[in-house]
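Trainee: This is the structure, below, for whatever I ask next.
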Amino acid sequence: MELPELSKEEIQHLIDAKSRLEENERRLHEELELAAELQKSLLPREYPSDLPVEIIHRYMPYREVGGDFFDFIRLDTHKIGIIITDVSGHGIASAFLTAMFKSTFAHIAPKCASAAETMTALNRELCSLVRTDHYLTAFYLIIDTEHMVCEYCNAGHPKQLLLRHDGNISELTSVGFFLGMFEGTDYENRQLVLETGDTLCLFTDGIIETIDEHETLYERERVAAGLVKTAGSSLETTANHIMSDLIQFMSTPVFSDDITLLLIRMVETI
């Protein structure tokens, strides 16, 4: 079947349409790059140097913009609150929700007496603000560096890990549903005593749900094994080891979800 010949006007029309599509694509790419830069600016640029706490992170969004987020807030002279979240879905909508969450968290956390109270207030606020089917998982902990006590609360997030200074490792378990779905959700407050050298490992499900060529999950156990293997090393060494092991494990060189790893170690009193 022969294709009909196009007139000069029709050919020019196609050329103009192609040019407009390319221009729209260029503008969209620029806007996504700007959104990515703005989202990165929401993450902590530095951590407090006047507390006996060392913090390091690794963050790799799945696309230009992602749904993972973490932040910290000074609650008083000796207390710091640290939160890690994962918004359902990807893209601009998820990035917008992380920005909303940051301001909401900064406003609510200082007014709350416990981690569970903070989660309850965040959930109530998000339920009133978010009118889509998006939700967030979150894990929030408050470290009292004077009394070396940590309280924590989970909202549908994967169980996080604690590596003791003697090499023993345990999961941090706490009951609570996603944020932003049901206004009457209850959250469980848990506490633990910390010692110098203890390391808290916070992460999103992008790490433990990474698969290899056999579709085997990376899972929490490999993160725990990496913590134990590098026990006594610097947080930099531990973070690099876990990320390197994760990349070697992957079936493809492209992550299928946002990747966030946050390590917090109790150090000698300053």
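Labeling convention for the structure tokens: chains A, B, ... as they appear, residues from 1 per chain, ligands from 1 in order of appearance.
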Asp76 (chain A): which residues within 12 Å, counting only C-alpha atoms, same-chain residues fewer than 2 positions away excluded, as a PyMOL selection string?
Mentor: chain A and resi 51+73-74+78-81+109-111+113+142-146
Trainee: Taking 2 positions as the minimum chain separation for residues in the same chain, which residues sit within 10 Å of region 105-108 of chain A when counting only C-alpha atoms? Answer as a list of chain:residue names.
Mentor: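 Residues near the query, excluding close chain neighbours: A:Asp71, A:Phe72, A:Ile73, A:Arg74, A:Ile83, A:Met100, A:Phe101, A:Lys102, A:Ser103, A:Pro110, A:Lys111, A:Cys112, A:Glu117, A:Thr118, A:Met119, A:Ala121, A:Leu122, A:Glu125.
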Trainee: For the structure I just gave you, how does DSSP split region 80-228 of chain A - specifically, which residues are strand (DSSP E or B)? Reply as an MDAnalysis selection string.
Mentor: chainID A and resid 80:87 136:144 149:156 160:163 169:172 179 190:193 199:203 211 217
Trainee: Write the residues of the preceding selection, restricted to N, CA and C atoms, as a short mmCIF file (atom, residue, chain, number, x, y, z; two decimals), in the first residue's frame.
Mentor:
```cif
data_model
loop_
_atom_site.label_atom_id
_atom_site.label_comp_id
_atom_site.auth_asym_id
_atom_site.auth_seq_id
_atom_site.Cartn_x
_atom_site.Cartn_y
_atom_site.Cartn_z
N ILE A 80 16.56 15.02 70.48
CA ILE A 80 16.44 15.16 69.04
C ILE A 80 15.40 14.17 68.53
N GLY A 81 14.53 14.64 67.64
CA GLY A 81 13.55 13.78 66.99
C GLY A 81 13.99 13.49 65.57
N ILE A 82 13.92 12.22 65.17
CA ILE A 82 14.35 11.81 63.83
C ILE A 82 13.24 10.99 63.20
N ILE A 83 12.86 11.35 61.98
CA ILE A 83 11.77 10.65 61.30
C ILE A 83 12.18 10.24 59.89
N ILE A 84 11.70 9.07 59.47
CA ILE A 84 11.91 8.61 58.10
C ILE A 84 10.55 8.21 57.56
N THR A 85 10.24 8.61 56.32
CA THR A 85 8.92 8.35 55.75
C THR A 85 9.04 7.86 54.31
N ASP A 86 7.95 7.24 53.86
CA ASP A 86 7.87 6.77 52.48
C ASP A 86 6.44 7.02 52.00
N VAL A 87 6.29 7.90 51.01
CA VAL A 87 4.98 8.21 50.46
C VAL A 87 4.63 7.17 49.39
N LEU A 136 1.28 7.67 53.80
CA LEU A 136 2.69 7.61 54.16
C LEU A 136 2.92 6.52 55.20
N THR A 137 4.05 5.83 55.08
CA THR A 137 4.55 5.04 56.19
C THR A 137 5.62 5.89 56.88
N ALA A 138 5.80 5.70 58.16
CA ALA A 138 6.77 6.52 58.89
C ALA A 138 7.28 5.78 60.12
N PHE A 139 8.51 6.09 60.48
CA PHE A 139 9.10 5.61 61.72
C PHE A 139 9.73 6.82 62.39
N TYR A 140 9.34 7.06 63.64
CA TYR A 140 9.79 8.26 64.34
C TYR A 140 10.41 7.86 65.68
N LEU A 141 11.55 8.43 65.96
CA LEU A 141 12.18 8.19 67.25
C LEU A 141 12.66 9.49 67.88
N ILE A 142 12.64 9.49 69.20
CA ILE A 142 13.12 10.63 69.98
C ILE A 142 14.27 10.12 70.85
N ILE A 143 15.44 10.73 70.70
CA ILE A 143 16.60 10.33 71.49
C ILE A 143 16.87 11.39 72.55
N ASP A 144 16.87 10.96 73.79
CA ASP A 144 17.23 11.81 74.92
C ASP A 144 18.70 11.50 75.23
N VAL A 149 18.10 7.52 76.56
CA VAL A 149 16.86 6.79 76.35
C VAL A 149 16.31 7.15 74.98
N CYS A 150 15.76 6.15 74.29
CA CYS A 150 15.13 6.37 72.99
C CYS A 150 13.71 5.86 73.03
N GLU A 151 12.77 6.68 72.60
CA GLU A 151 11.40 6.20 72.43
C GLU A 151 11.07 6.27 70.95
N TYR A 152 10.27 5.31 70.49
CA TYR A 152 10.01 5.25 69.06
C TYR A 152 8.59 4.80 68.78
N CYS A 153 8.15 5.04 67.55
CA CYS A 153 6.78 4.74 67.15
C CYS A 153 6.78 4.45 65.65
N ASN A 154 5.98 3.46 65.25
CA ASN A 154 5.94 3.03 63.86
C ASN A 154 4.55 3.25 63.29
N ALA A 155 4.50 3.74 62.04
CA ALA A 155 3.24 3.91 61.33
C ALA A 155 3.32 3.16 60.00
N GLY A 156 3.16 1.85 60.06
CA GLY A 156 3.14 1.03 58.86
C GLY A 156 4.46 0.89 58.14
N GLN A 160 12.57 -1.43 61.95
CA GLN A 160 13.92 -0.89 61.84
C GLN A 160 14.87 -1.70 62.75
N LEU A 161 16.16 -1.39 62.71
CA LEU A 161 17.14 -2.23 63.38
C LEU A 161 17.98 -1.46 64.40
N LEU A 162 18.42 -2.18 65.42
CA LEU A 162 19.31 -1.63 66.43
C LEU A 162 20.49 -2.57 66.58
N LEU A 163 21.69 -2.06 66.32
CA LEU A 163 22.93 -2.81 66.53
C LEU A 163 23.56 -2.33 67.83
N ILE A 169 22.08 -7.69 67.62
CA ILE A 169 21.18 -6.90 66.79
C ILE A 169 19.73 -7.29 67.07
N SER A 170 18.84 -6.32 67.00
CA SER A 170 17.43 -6.58 67.26
C SER A 170 16.56 -5.69 66.39
N GLU A 171 15.28 -6.09 66.23
CA GLU A 171 14.31 -5.30 65.48
C GLU A 171 13.55 -4.38 66.42
N LEU A 172 13.20 -3.20 65.92
CA LEU A 172 12.41 -2.26 66.70
C LEU A 172 10.95 -2.42 66.27
N LEU A 179 -0.01 6.64 57.87
CA LEU A 179 -0.46 8.01 58.12
C LEU A 179 -1.31 8.50 56.95
N ARG A 190 7.12 2.92 72.24
CA ARG A 190 8.05 1.96 72.83
C ARG A 190 9.31 2.70 73.27
N GLN A 191 10.00 2.15 74.26
CA GLN A 191 11.23 2.77 74.77
C GLN A 191 12.36 1.76 74.86
N LEU A 192 13.58 2.26 74.76
CA LEU A 192 14.75 1.42 74.99
C LEU A 192 15.87 2.29 75.54
N VAL A 193 16.76 1.66 76.28
CA VAL A 193 17.92 2.34 76.84
C VAL A 193 19.08 2.19 75.86
N THR A 199 24.07 1.57 67.52
CA THR A 199 23.75 2.15 66.22
C THR A 199 22.32 1.82 65.82
N LEU A 200 21.55 2.84 65.52
CA LEU A 200 20.19 2.68 65.01
C LEU A 200 20.25 2.74 63.49
N CYS A 201 19.58 1.80 62.83
CA CYS A 201 19.58 1.73 61.37
C CYS A 201 18.15 1.92 60.88
N LEU A 202 17.90 3.04 60.20
CA LEU A 202 16.59 3.34 59.64
C LEU A 202 16.67 3.25 58.11
N PHE A 203 15.62 2.72 57.50
CA PHE A 203 15.64 2.54 56.05
C PHE A 203 14.20 2.48 55.53
N ILE A 211 15.18 -6.82 44.42
CA ILE A 211 15.25 -8.24 44.06
C ILE A 211 16.48 -8.55 43.22
N LEU A 217 14.09 -11.44 47.41
CA LEU A 217 14.16 -10.14 48.07
C LEU A 217 15.47 -9.99 48.85
#
```
Trainee: Report as number ranges by chain all protein, DNA and RNA residues lying within 10 Å of Ser234 (chain A), evaluated on only C-alpha atoms, omitting residues in the same chain fewer than 5 positions from it.
Mentor: A: 54, 239-240, 265
Trainee: Can I get the selection written as a tab-separated table (two decimals), in the first residue's frame, with C-alpha atoms?
Mentor:
```tsv
chain	number	residue	atom	x	y	z
A	54	GLU	CA	26.65	10.74	64.85
A	239	ALA	CA	26.77	2.74	54.85
A	240	ASN	CA	29.12	2.11	51.92
A	265	ARG	CA	25.26	6.12	66.44
```
Trainee: What is the distance, in Å and to one decimal place, between CA of Pro158 (chain A) and CA of Glu268 (chain A)?
Mentor: 29.2 Å
Trainee: So that I can see what lies close to Ile55 (chain A), please list as JSON, numbers by chain the residues with an atom at most 7 Å from it, counting only C-alpha atoms and leaving out residues fewer than 5 positions away in the same chain.
Mentor: {"A": [47, 263, 264, 265]}
Trainee: I'd like the contact shell of Gly184 (chain A) - 8 Å cut-off, only C-alpha atoms, skipping same-chain residues fewer than 2 positions apart - returned as a count of residues only.
Mentor: 3
Trainee: Quick one: of A:Val223, A:Leu129, A:Leu246, A:Leu235, who's nearest to Val267 (chain A), counting only C-alpha atoms?
Mentor: A:Leu235
Trainee: For Met148 (chain A), which residue out of A:Lys8, A:Cys127, A:His13, A:Thr196 is the nearest one, using only C-alpha atoms?
Mentor: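 Residue with the minimum atom-to-atom distance to Met148 (chain A): A:Thr196.
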Trainee: Can you pull out every residue from region 42-229 of chain A that DSSP, working from the backbone, puts in helix (DSSP H, G or I), and format the result as a ChimeraX atom specification?
Mentor: /A:42,92-111,115-129,205-208,219-229
Trainee: Could you write those residues out with C-alpha atoms, as a PDB file, in the first residue's frame?
Mentor:
```pdb
ATOM      1  CA  LEU A  42      14.208  19.629  51.978  1.00  0.00           C
ATOM      2  CA  ILE A  92       5.473  14.858  41.387  1.00  0.00           C
ATOM      3  CA  ALA A  93       2.479  14.030  43.614  1.00  0.00           C
ATOM      4  CA  SER A  94       4.651  12.065  46.047  1.00  0.00           C
ATOM      5  CA  ALA A  95       7.284  14.806  46.053  1.00  0.00           C
ATOM      6  CA  PHE A  96       4.618  17.395  46.802  1.00  0.00           C
ATOM      7  CA  LEU A  97       3.395  15.317  49.752  1.00  0.00           C
ATOM      8  CA  THR A  98       6.933  15.052  51.174  1.00  0.00           C
ATOM      9  CA  ALA A  99       7.178  18.850  51.097  1.00  0.00           C
ATOM     10  CA  MET A 100       3.817  19.101  52.847  1.00  0.00           C
ATOM     11  CA  PHE A 101       4.914  16.530  55.399  1.00  0.00           C
ATOM     12  CA  LYS A 102       8.124  18.406  56.229  1.00  0.00           C
ATOM     13  CA  SER A 103       6.290  21.569  57.201  1.00  0.00           C
ATOM     14  CA  THR A 104       3.619  19.604  59.072  1.00  0.00           C
ATOM     15  CA  PHE A 105       6.245  17.653  61.026  1.00  0.00           C
ATOM     16  CA  ALA A 106       8.193  20.815  61.903  1.00  0.00           C
ATOM     17  CA  HIS A 107       4.998  22.425  63.201  1.00  0.00           C
ATOM     18  CA  ILE A 108       3.662  19.455  65.183  1.00  0.00           C
ATOM     19  CA  ALA A 109       6.657  17.610  66.664  1.00  0.00           C
ATOM     20  CA  PRO A 110       7.816  20.298  69.152  1.00  0.00           C
ATOM     21  CA  LYS A 111       4.332  20.444  70.677  1.00  0.00           C
ATOM     22  CA  ALA A 115       6.647   9.794  69.718  1.00  0.00           C
ATOM     23  CA  ALA A 116       3.162   8.222  69.698  1.00  0.00           C
ATOM     24  CA  GLU A 117       1.500  11.574  70.365  1.00  0.00           C
ATOM     25  CA  THR A 118       3.458  13.032  67.455  1.00  0.00           C
ATOM     26  CA  MET A 119       2.319  10.248  65.113  1.00  0.00           C
ATOM     27  CA  THR A 120      -1.290  10.666  66.219  1.00  0.00           C
ATOM     28  CA  ALA A 121      -1.174  14.416  65.544  1.00  0.00           C
ATOM     29  CA  LEU A 122       0.560  13.919  62.172  1.00  0.00           C
ATOM     30  CA  ASN A 123      -2.025  11.348  61.124  1.00  0.00           C
ATOM     31  CA  ARG A 124      -4.921  13.596  62.139  1.00  0.00           C
ATOM     32  CA  GLU A 125      -3.453  16.541  60.228  1.00  0.00           C
ATOM     33  CA  LEU A 126      -2.678  14.525  57.102  1.00  0.00           C
ATOM     34  CA  CYS A 127      -6.143  12.963  57.083  1.00  0.00           C
ATOM     35  CA  SER A 128      -7.606  16.468  56.974  1.00  0.00           C
ATOM     36  CA  LEU A 129      -5.198  17.746  54.305  1.00  0.00           C
ATOM     37  CA  ASP A 205      11.305  -0.590  51.867  1.00  0.00           C
ATOM     38  CA  GLY A 206      13.159   0.242  48.655  1.00  0.00           C
ATOM     39  CA  ILE A 207      16.186  -1.482  50.200  1.00  0.00           C
ATOM     40  CA  ILE A 208      14.612  -4.643  51.592  1.00  0.00           C
ATOM     41  CA  GLU A 219      15.213  -8.370  52.962  1.00  0.00           C
ATOM     42  CA  ARG A 220      15.975  -7.011  56.403  1.00  0.00           C
ATOM     43  CA  GLU A 221      18.267  -9.934  57.257  1.00  0.00           C
ATOM     44  CA  ARG A 222      20.910  -8.811  54.746  1.00  0.00           C
ATOM     45  CA  VAL A 223      20.821  -5.283  56.144  1.00  0.00           C
ATOM     46  CA  ALA A 224      21.316  -6.775  59.617  1.00  0.00           C
ATOM     47  CA  ALA A 225      24.174  -8.938  58.339  1.00  0.00           C
ATOM     48  CA  GLY A 226      25.853  -5.853  56.887  1.00  0.00           C
ATOM     49  CA  LEU A 227      25.554  -4.040  60.213  1.00  0.00           C
ATOM     50  CA  VAL A 228      27.069  -6.972  62.111  1.00  0.00           C
ATOM     51  CA  LYS A 229      29.853  -7.465  59.559  1.00  0.00           C
TER      52      LYS A 229
END
```
Trainee: May I ask for the distance between CA of Glu215 (chain A) and CA of Phe249 (chain A), given in Å to one decimal place?
Mentor: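 Going from CA of Glu215 (chain A) over to CA of Phe249 (chain A) covers 10.6 Å.
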Trainee: When you count only C-alpha atoms, which of these residues is closest to Thr210 (chain A): A:Ala231, A:Ile259, A:Met60, A:Met181?
Mentor: A:Ile259
Trainee: Pick the closest to Gly197 (chain A) from A:Glu183, A:Asp257, A:Asp212, A:Asp166: which is it, counting only C-alpha atoms?
Mentor: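 With only C-alpha atoms as the atom set, the closest residue is A:Asp166.
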